[in-house]
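Report on the structure given below.
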Amino acid sequence: MNEPIDYLIIGHISQDVTPNGFKIGGTAAYAGRAAQIMGCRTAVVTSATADTDLATALPDIYLYRVPTAENTTFDNVYTENGRSQIIHNIAAPLTPAHVPTEWQRVPIVHLGPVANEIDPAMINLFSNSLIGLTPQGWMRRWDENGRVYAREWEAAAVILPLAAAVIISEEDLLHDGMLAQYRQWSRLLVLTRGRQGCTVFLGDESRDVPAPSVPEVEFTGAGDIFAAAYFIRLWQTSGNPWESARFANEMAAQSVTQPDLETKMKHLREWQVTNGK
């Protein structure tokens, strides 16, 4: 923890159910590894059981692990109509007390809740950081069977204005009015639209930024990789939202050509070297 950190992500590492057993997932895993690929010294604040091998899943990433009896566990199902999710377990909540003091002035902070696990007061902890927010985990709930669904997020009007950039997906929206509200409350809002790319809203201006066409193998983690790429390029360009969107679309598109976390990261590293990114 003595080395300065460039990129801090807070949120649950998850266990994702697959036909071959559990695999590591969650925004913290995919975005954290993507940030590392982009050259950032990366740290993660998360909650996972003591026997979860985070050192292998997140090699050379600084970790603060909050003890828990069970890991957050998702079953992701992709159809022509989008993704459906079942949540089985939830790890311990994350609060401002869990963030080491030396990580509270990191250049880029990414709040990435997946299961309403982050205390919203966390956003007030960082006074000198670019705060990127992917609030999906605050924007959804689940029924008694664990089926995840979108909902109205009551704290949005208070939390969104405090972030430098907010990224949401089409599947998070209940109605068109929700997008209009989030646009009004956010300084910079990005709506991801899968293979269609994204739409960037800044003040009264909006632009559709298309994504490159690629062979599609596995979508899991693409939105998280997009977010990390967007926040980092936004920092690197001193706030250019359009260039950040173009680059994030490229990174996310490249990620869906590979089947799992490790091969995605290997491919992204090689792609960046080959293309001078």
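Each chain in the structure tokens gets a letter, A, B, ..., in the order shown, and its residues are numbered from 1; ligands are numbered from 1 in order too.
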
Hey, what's within 12 Å of stretch 201-214 of chain A if we count only C-alpha atoms and toss same-chain stuff fewer than 2 positions away? As number ranges by chain, please? A: 164-168, 179-199, 216-219, 226, 239-258

Next, write the just-selected residues to a file, as a JSON list (two decimals), in the first residue's frame, keeping C-alpha atoms as the atom set.
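Printed below is part_10.json as written:
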[["chain", "number", "residue", "atom", "x", "y", "z"],
["A", 164, "ALA", "CA", -17.44, 13.60, -12.79],
["A", 165, "ALA", "CA", -18.91, 10.99, -15.15],
["A", 166, "VAL", "CA", -21.80, 8.53, -14.90],
["A", 167, "ILE", "CA", -22.18, 5.46, -17.10],
["A", 168, "ILE", "CA", -25.44, 3.51, -17.34],
["A", 179, "LEU", "CA", -32.94, 8.95, -18.91],
["A", 180, "ALA", "CA", -34.06, 12.58, -19.02],
["A", 181, "GLN", "CA", -33.81, 12.82, -15.23],
["A", 182, "TYR", "CA", -30.36, 11.23, -15.11],
["A", 183, "ARG", "CA", -29.18, 13.52, -17.88],
["A", 184, "GLN", "CA", -30.36, 16.54, -15.91],
["A", 185, "TRP", "CA", -28.69, 15.40, -12.69],
["A", 186, "SER", "CA", -25.36, 14.28, -14.20],
["A", 187, "ARG", "CA", -22.51, 16.56, -15.26],
["A", 188, "LEU", "CA", -21.53, 13.98, -17.89],
["A", 189, "LEU", "CA", -23.71, 10.98, -18.68],
["A", 190, "VAL", "CA", -22.91, 8.06, -20.98],
["A", 191, "LEU", "CA", -25.59, 5.58, -22.07],
["A", 192, "THR", "CA", -24.11, 2.31, -23.33],
["A", 193, "ARG", "CA", -26.08, 0.56, -26.06],
["A", 194, "GLY", "CA", -24.30, -2.75, -26.65],
["A", 195, "ARG", "CA", -23.17, -3.36, -30.21],
["A", 196, "GLN", "CA", -24.64, 0.04, -31.16],
["A", 197, "GLY", "CA", -21.96, 1.82, -29.12],
["A", 198, "CYS", "CA", -22.98, 4.61, -26.76],
["A", 199, "THR", "CA", -24.58, 8.03, -26.49],
["A", 216, "GLU", "CA", -19.11, -11.67, -30.70],
["A", 217, "VAL", "CA", -18.18, -14.49, -28.31],
["A", 218, "GLU", "CA", -18.93, -13.39, -24.71],
["A", 219, "PHE", "CA", -20.50, -10.14, -23.50],
["A", 226, "PHE", "CA", -15.93, 0.19, -21.24],
["A", 239, "GLY", "CA", -11.93, 15.75, -19.92],
["A", 240, "ASN", "CA", -12.59, 14.98, -23.61],
["A", 241, "PRO", "CA", -15.88, 13.01, -23.44],
["A", 242, "TRP", "CA", -16.05, 12.16, -27.16],
["A", 243, "GLU", "CA", -12.54, 10.73, -27.52],
["A", 244, "SER", "CA", -13.10, 8.82, -24.29],
["A", 245, "ALA", "CA", -16.24, 7.25, -25.75],
["A", 246, "ARG", "CA", -14.52, 6.31, -28.99],
["A", 247, "PHE", "CA", -11.68, 4.59, -27.15],
["A", 248, "ALA", "CA", -13.97, 2.88, -24.62],
["A", 249, "ASN", "CA", -16.10, 1.49, -27.47],
["A", 250, "GLU", "CA", -12.98, -0.01, -29.04],
["A", 251, "MET", "CA", -11.87, -1.62, -25.78],
["A", 252, "ALA", "CA", -15.30, -3.05, -25.02],
["A", 253, "ALA", "CA", -15.70, -4.36, -28.57],
["A", 254, "GLN", "CA", -12.35, -6.12, -28.43],
["A", 255, "SER", "CA", -13.31, -7.71, -25.11],
["A", 256, "VAL", "CA", -16.43, -9.43, -26.47],
["A", 257, "THR", "CA", -14.32, -11.38, -29.00],
["A", 258, "GLN", "CA", -12.89, -13.48, -26.14]]

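Shell of A:Ser129 at 8 Å, with only C-alpha atoms counted and residues fewer than 2 places along the chain excluded, is Arg105, Val106, Pro107, Ile108, Val109, Phe126, Ser127 and Ile131 of chain A.
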
Neighbour list for A:Ala35 as number ranges by chain, cut-off 8 Å, only C-alpha atoms, skip fewer than 4 positions in-chain: A: 7, 31, 39-42, 228-229, 232

Output of the above residues as an mmCIF file, in the first residue's frame, restricted to C-alpha atoms:
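Once written, out16.cif looks like this:
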data_model
loop_
_atom_site.group_PDB
_atom_site.id
_atom_site.type_symbol
_atom_site.label_atom_id
_atom_site.label_comp_id
_atom_site.auth_asym_id
_atom_site.auth_seq_id
_atom_site.Cartn_x
_atom_site.Cartn_y
_atom_site.Cartn_z
ATOM 1 C CA TYR A 7 -7.097 3.891 -10.135
ATOM 2 C CA ALA A 31 -12.721 -2.886 -14.652
ATOM 3 C CA GLY A 39 -0.999 0.971 -17.274
ATOM 4 C CA CYS A 40 -2.658 2.098 -14.044
ATOM 5 C CA ARG A 41 -1.462 1.065 -10.599
ATOM 6 C CA THR A 42 -4.783 -0.335 -9.468
ATOM 7 C CA ALA A 228 -12.618 1.700 -16.950
ATOM 8 C CA ALA A 229 -11.439 2.719 -20.415
ATOM 9 C CA ILE A 232 -9.043 6.598 -17.674
#

Calculated over only C-alpha atoms, which of the candidates A:Ala69, A:Met178, A:Val273, A:Leu130 has the smallest distance to A:Asp51? A:Ala69

Which residues of stretch 12-117 of chain A sit at most 10 Å from stretch 145-160 of chain A, using only C-alpha atoms? Give each one's shortest atom pair and distance in Å (one decimal place), in chain and ascending residue order, as a Markdown table.
| residue | atom | partner | partner_atom | distance |
| --- | --- | --- | --- | --- |
| A:Phe74 | CA | A:Gly146 | CA | 9.1 |
| A:Asp75 | CA | A:Arg147 | CA | 9.4 |
| A:Ser84 | CA | A:Val148 | CA | 7.2 |
| A:Gln85 | CA | A:Val148 | CA | 5.5 |
| A:Ile86 | CA | A:Arg147 | CA | 4.5 |
| A:Ile87 | CA | A:Gly146 | CA | 4.9 |
| A:His88 | CA | A:Gly146 | CA | 6.1 |
| A:Asn89 | CA | A:Gly146 | CA | 8.8 |
| A:Ala115 | CA | A:Val148 | CA | 9.5 |

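Taking only C-alpha atoms into account, A:Thr56 lies nearest to A:Ala29 out of the set A:Thr237, A:Ala29, A:Gly137, A:Pro215.
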
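The gap separating atom CA of A:Pro96 from atom CA of A:Asp143 is 28.0 Å, in Å to one decimal.
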
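The gap separating atom CA of A:Asp6 from atom CA of A:Asn71 is 26.6 Å, in Å to one decimal.
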
7 Å contact set for A:Gly221, only C-alpha atoms, chain neighbours under 3 positions out, as a list in words: Tyr30, Asp224 and Ile225 of chain A

Generate the output file for the selected residues, N, CA and C atoms, as a PDB file, in the first residue's frame.
ATOM      1  N   TYR A  30     -13.455  -6.958 -13.681  1.00  0.00           N
ATOM      2  CA  TYR A  30     -13.236  -6.625 -15.085  1.00  0.00           C
ATOM      3  C   TYR A  30     -12.668  -5.218 -15.255  1.00  0.00           C
ATOM      4  N   ASP A 224     -18.137  -3.147 -18.000  1.00  0.00           N
ATOM      5  CA  ASP A 224     -17.159  -2.774 -16.979  1.00  0.00           C
ATOM      6  C   ASP A 224     -15.844  -2.341 -17.612  1.00  0.00           C
ATOM      7  N   ILE A 225     -15.429  -3.033 -18.659  1.00  0.00           N
ATOM      8  CA  ILE A 225     -14.215  -2.665 -19.388  1.00  0.00           C
ATOM      9  C   ILE A 225     -14.419  -1.322 -20.076  1.00  0.00           C
TER      10      ILE A 225
END

If you run DSSP on this backbone, which residues of stretch 100-167 of chain A come out as strand (DSSP E), and could you give them as a PyMOL selection string? chain A and resi 108-111+130-133+140-142+148-150+165-167

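Atom to atom, atom CA of A:Ala48 and atom CA of A:Pro113 stand 14.1 Å apart.
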
Using DSSP on the backbone, list every residue of stretch 152-260 of chain A that comes out as helix (DSSP H, G or I), and give them as a ChimeraX atom specification. /A:156-162,170-172,176-185,194-196,222-236,241-255

Which residues come within 12 Å of A:Thr73, counting only C-alpha atoms, excluding same-chain residues fewer than 3 positions away, as a ChimeraX atom specification? /A:12-18,21-26,48-49,70,76,85-91,114-115,146

N, CA and C atoms of the current selection, written as a PDB file, in the first residue's frame:
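Saved the output as result14.pdb:
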ATOM      1  N   HIS A  12     -18.196  -5.145  -5.158  1.00  0.00           N
ATOM      2  CA  HIS A  12     -18.040  -6.573  -4.920  1.00  0.00           C
ATOM      3  C   HIS A  12     -17.429  -7.298  -6.117  1.00  0.00           C
ATOM      4  N   ILE A  13     -16.402  -8.092  -5.839  1.00  0.00           N
ATOM      5  CA  ILE A  13     -16.034  -9.167  -6.743  1.00  0.00           C
ATOM      6  C   ILE A  13     -17.157 -10.198  -6.648  1.00  0.00           C
ATOM      7  N   SER A  14     -17.575 -10.751  -7.763  1.00  0.00           N
ATOM      8  CA  SER A  14     -18.656 -11.737  -7.715  1.00  0.00           C
ATOM      9  C   SER A  14     -18.168 -13.099  -8.169  1.00  0.00           C
ATOM     10  N   GLN A  15     -18.944 -14.111  -7.812  1.00  0.00           N
ATOM     11  CA  GLN A  15     -18.798 -15.433  -8.403  1.00  0.00           C
ATOM     12  C   GLN A  15     -19.916 -15.580  -9.422  1.00  0.00           C
ATOM     13  N   ASP A  16     -19.555 -15.796 -10.680  1.00  0.00           N
ATOM     14  CA  ASP A  16     -20.554 -15.975 -11.728  1.00  0.00           C
ATOM     15  C   ASP A  16     -20.727 -17.456 -12.026  1.00  0.00           C
ATOM     16  N   VAL A  17     -21.982 -17.879 -12.086  1.00  0.00           N
ATOM     17  CA  VAL A  17     -22.292 -19.276 -12.365  1.00  0.00           C
ATOM     18  C   VAL A  17     -22.095 -19.549 -13.855  1.00  0.00           C
ATOM     19  N   THR A  18     -21.362 -20.603 -14.178  1.00  0.00           N
ATOM     20  CA  THR A  18     -21.164 -21.018 -15.571  1.00  0.00           C
ATOM     21  C   THR A  18     -21.382 -22.525 -15.665  1.00  0.00           C
ATOM     22  N   GLY A  21     -18.753 -24.390 -13.728  1.00  0.00           N
ATOM     23  CA  GLY A  21     -18.512 -24.004 -12.350  1.00  0.00           C
ATOM     24  C   GLY A  21     -18.448 -22.494 -12.187  1.00  0.00           C
ATOM     25  N   PHE A  22     -17.980 -22.045 -11.036  1.00  0.00           N
ATOM     26  CA  PHE A  22     -17.902 -20.615 -10.752  1.00  0.00           C
ATOM     27  C   PHE A  22     -16.685 -19.978 -11.428  1.00  0.00           C
ATOM     28  N   LYS A  23     -16.864 -18.713 -11.830  1.00  0.00           N
ATOM     29  CA  LYS A  23     -15.714 -17.930 -12.267  1.00  0.00           C
ATOM     30  C   LYS A  23     -15.836 -16.536 -11.663  1.00  0.00           C
ATOM     31  N   ILE A  24     -14.683 -15.880 -11.486  1.00  0.00           N
ATOM     32  CA  ILE A  24     -14.651 -14.545 -10.906  1.00  0.00           C
ATOM     33  C   ILE A  24     -15.278 -13.546 -11.872  1.00  0.00           C
ATOM     34  N   GLY A  25     -16.125 -12.666 -11.351  1.00  0.00           N
ATOM     35  CA  GLY A  25     -16.762 -11.639 -12.166  1.00  0.00           C
ATOM     36  C   GLY A  25     -16.981 -10.382 -11.347  1.00  0.00           C
ATOM     37  N   GLY A  26     -17.858  -9.541 -11.845  1.00  0.00           N
ATOM     38  CA  GLY A  26     -18.159  -8.291 -11.164  1.00  0.00           C
ATOM     39  C   GLY A  26     -17.392  -7.125 -11.753  1.00  0.00           C
ATOM     40  N   ALA A  48     -15.035 -10.467   0.036  1.00  0.00           N
ATOM     41  CA  ALA A  48     -15.016 -11.839  -0.471  1.00  0.00           C
ATOM     42  C   ALA A  48     -14.603 -12.772   0.653  1.00  0.00           C
ATOM     43  N   THR A  49     -14.991 -14.015   0.559  1.00  0.00           N
ATOM     44  CA  THR A  49     -14.641 -14.990   1.586  1.00  0.00           C
ATOM     45  C   THR A  49     -13.132 -15.199   1.624  1.00  0.00           C
ATOM     46  N   GLU A  70     -20.105 -15.211   2.719  1.00  0.00           N
ATOM     47  CA  GLU A  70     -20.421 -15.723   1.388  1.00  0.00           C
ATOM     48  C   GLU A  70     -20.144 -14.656   0.345  1.00  0.00           C
ATOM     49  N   ASN A  76     -25.851 -15.246 -14.965  1.00  0.00           N
ATOM     50  CA  ASN A  76     -26.156 -14.358 -16.088  1.00  0.00           C
ATOM     51  C   ASN A  76     -26.641 -15.172 -17.286  1.00  0.00           C
ATOM     52  N   GLN A  85     -30.666 -11.787 -15.016  1.00  0.00           N
ATOM     53  CA  GLN A  85     -29.761 -12.173 -13.940  1.00  0.00           C
ATOM     54  C   GLN A  85     -30.530 -12.755 -12.766  1.00  0.00           C
ATOM     55  N   ILE A  86     -29.908 -13.749 -12.135  1.00  0.00           N
ATOM     56  CA  ILE A  86     -30.372 -14.273 -10.858  1.00  0.00           C
ATOM     57  C   ILE A  86     -29.254 -14.048  -9.851  1.00  0.00           C
ATOM     58  N   ILE A  87     -29.569 -13.479  -8.694  1.00  0.00           N
ATOM     59  CA  ILE A  87     -28.587 -13.301  -7.624  1.00  0.00           C
ATOM     60  C   ILE A  87     -28.871 -14.317  -6.531  1.00  0.00           C
ATOM     61  N   HIS A  88     -27.828 -15.014  -6.100  1.00  0.00           N
ATOM     62  CA  HIS A  88     -27.996 -16.092  -5.122  1.00  0.00           C
ATOM     63  C   HIS A  88     -27.534 -15.694  -3.723  1.00  0.00           C
ATOM     64  N   ASN A  89     -26.391 -15.018  -3.626  1.00  0.00           N
ATOM     65  CA  ASN A  89     -25.841 -14.607  -2.330  1.00  0.00           C
ATOM     66  C   ASN A  89     -25.286 -13.191  -2.447  1.00  0.00           C
ATOM     67  N   ILE A  90     -25.092 -12.535  -1.303  1.00  0.00           N
ATOM     68  CA  ILE A  90     -24.538 -11.182  -1.288  1.00  0.00           C
ATOM     69  C   ILE A  90     -23.481 -11.100  -0.190  1.00  0.00           C
ATOM     70  N   ALA A  91     -22.311 -10.593  -0.538  1.00  0.00           N
ATOM     71  CA  ALA A  91     -21.218 -10.420   0.420  1.00  0.00           C
ATOM     72  C   ALA A  91     -21.498  -9.229   1.333  1.00  0.00           C
ATOM     73  N   VAL A 114     -22.615  -3.601  -7.549  1.00  0.00           N
ATOM     74  CA  VAL A 114     -23.332  -4.601  -8.345  1.00  0.00           C
ATOM     75  C   VAL A 114     -24.569  -5.122  -7.628  1.00  0.00           C
ATOM     76  N   ALA A 115     -24.622  -4.949  -6.303  1.00  0.00           N
ATOM     77  CA  ALA A 115     -25.744  -5.494  -5.536  1.00  0.00           C
ATOM     78  C   ALA A 115     -26.103  -4.583  -4.369  1.00  0.00           C
ATOM     79  N   GLY A 146     -34.665 -14.269  -6.437  1.00  0.00           N
ATOM     80  CA  GLY A 146     -33.362 -13.759  -6.833  1.00  0.00           C
ATOM     81  C   GLY A 146     -33.315 -13.139  -8.211  1.00  0.00           C
TER      82      GLY A 146
END

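Residues in contact with A:Leu94 at 9 Å, where only C-alpha atoms are counted and same-chain residues fewer than 2 positions away are skipped, are listed as Ile10, Gly11, His12, Val45, Thr46, Ser47, Val66, Ala92, Pro96, Ala97, His98, Val99, Glu117, Ile118, Asp119 and Met122 of chain A.
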